[in-house]
Amino acid sequence: MKVSEFTAEAIGDDNLNLFESRFLMRFHIKGTLSTSRHSVFQTSNPYRPKIVEAQLTARVVDGGFDPDYKAIADVLIVPIVRDVKDSTYKGETVSFDVTLERVFATMNWGSNTFNIKCGDKTASVTVLHPK
């Protein structure tokens, strides 16, 4: 799998307030998939690679209760690829274009930075959570 484009954006972060800390994060991933050259499926039974889901993990790497202290989180997106039987597939590279959405919560008042990684691409989103 090769990721050629990756973007991330916060949706609805303008609704954050004293009683609302959740917002939607949208991720857009473009790239290509190919079957391994050493795959046993490539010659006898053609299988087309396909992204079927994605694993998303997040961890707070810096933060605190001091309002002047910046909250920072690392987010990792790992697309899960599965081979799907397809008799027309001849081993060519397959393009993909995936949009994912996930609800996140801010970690503290003020600036909240999310550093997101997918493949060898990174994006950073900063959300301001006012009181």
# chains A, B, ... in the order shown; residues from 1 in each chain; ligands from 1
$ select_by_dssp --residues "range 9-130 of chain A" --states "strand (DSSP E)" --output "PyMOL selection string"
chain A and resi 9-11+22-33+47-62+71-85+94-105+110-118+121-129
$ closest_atom_pairs --of "range 48-106 of chain A" --to "range 31-36 of chain A" --cutoff "7 Å" --atoms "only C-alpha atoms" --output "CSV"
residue,atom,partner,partner_atom,distance
A:Pro49,CA,A:Leu33,CA,6.4
A:Gly91,CA,A:Thr35,CA,6.3
A:Glu92,CA,A:Ser34,CA,6.7
A:Thr93,CA,A:Ser34,CA,4.7
A:Val94,CA,A:Leu33,CA,5.0
A:Ser95,CA,A:Thr32,CA,4.3
A:Phe96,CA,A:Gly31,CA,5.5
A:Asp97,CA,A:Gly31,CA,6.7
$ residues_around --residues "range 115-123 of chain A" --least-positions-apart "2" --cutoff "9 Å" --atoms "only C-alpha atoms" --output "list in words"
Met1, Lys2, Val3, Ser4, Glu5, Phe6, Thr7, Ala8, Glu9, Ile29, Ala58, Ile72, Ala73, Asp74, Val75, Leu76, Ile77, Val78, Pro79, Thr113, Val125 and Thr126 of chain A
$ select_by_dssp --residues "chain A" --states "alpha helix (DSSP H)" --output "ChimeraX atom specification"
/A:41-44
$ write_last_selection --atoms "N, CA and C atoms" --output "short mmCIF file (atom, residue, chain, number, x, y, z; two decimals), in the first residue's frame"
data_model
loop_
_atom_site.label_atom_id
_atom_site.label_comp_id
_atom_site.auth_asym_id
_atom_site.auth_seq_id
_atom_site.Cartn_x
_atom_site.Cartn_y
_atom_site.Cartn_z
N PHE A 41 -1.48 -16.14 -4.46
CA PHE A 41 -2.76 -15.94 -5.14
C PHE A 41 -2.60 -15.33 -6.53
N GLN A 42 -1.48 -14.68 -6.79
CA GLN A 42 -1.35 -13.89 -8.00
C GLN A 42 -1.47 -14.72 -9.27
N THR A 43 -0.95 -15.91 -9.31
CA THR A 43 -0.97 -16.68 -10.55
C THR A 43 -2.13 -17.67 -10.62
N SER A 44 -2.42 -18.38 -9.53
CA SER A 44 -3.44 -19.42 -9.60
C SER A 44 -4.86 -18.90 -9.41
#
$ closest_residue --among "A:His129, A:Asn15, A:Asp83, A:Ala71" --to "Arg59 in chain A" --atoms "only C-alpha atoms"
A:Ala71
$ atom_distance --atom1 "CA of Glu101 in chain A" --atom2 "CA of Thr57 in chain A"
13.2 Å
$ residues_around --residues "Lys85 in chain A" --least-positions-apart "6" --cutoff "9 Å" --atoms "only C-alpha atoms" --output "VMD selection string"
chain A and resid 45 to 49
$ atom_distance --atom1 "CA of Thr99 in chain A" --atom2 "CA of Ser111 in chain A"
25.3 Å
$ closest_residue --among "A:Val60, A:Val52, A:Thr106, A:Pro130" --to "Leu18 in chain A" --atoms "only C-alpha atoms"
A:Pro130
$ closest_residue --among "A:Phe114, A:Trp109, A:Lys50, A:Val103" --to "Arg22 in chain A" --atoms "only C-alpha atoms"
A:Val103
$ atom_distance --atom1 "CA of Asp14 in chain A" --atom2 "CA of Lys30 in chain A"
27.3 Å
$ closest_residue --among "A:Leu128, A:Leu100, A:Ala54, A:Val84" --to "Asn17 in chain A" --atoms "only C-alpha atoms"
A:Leu128
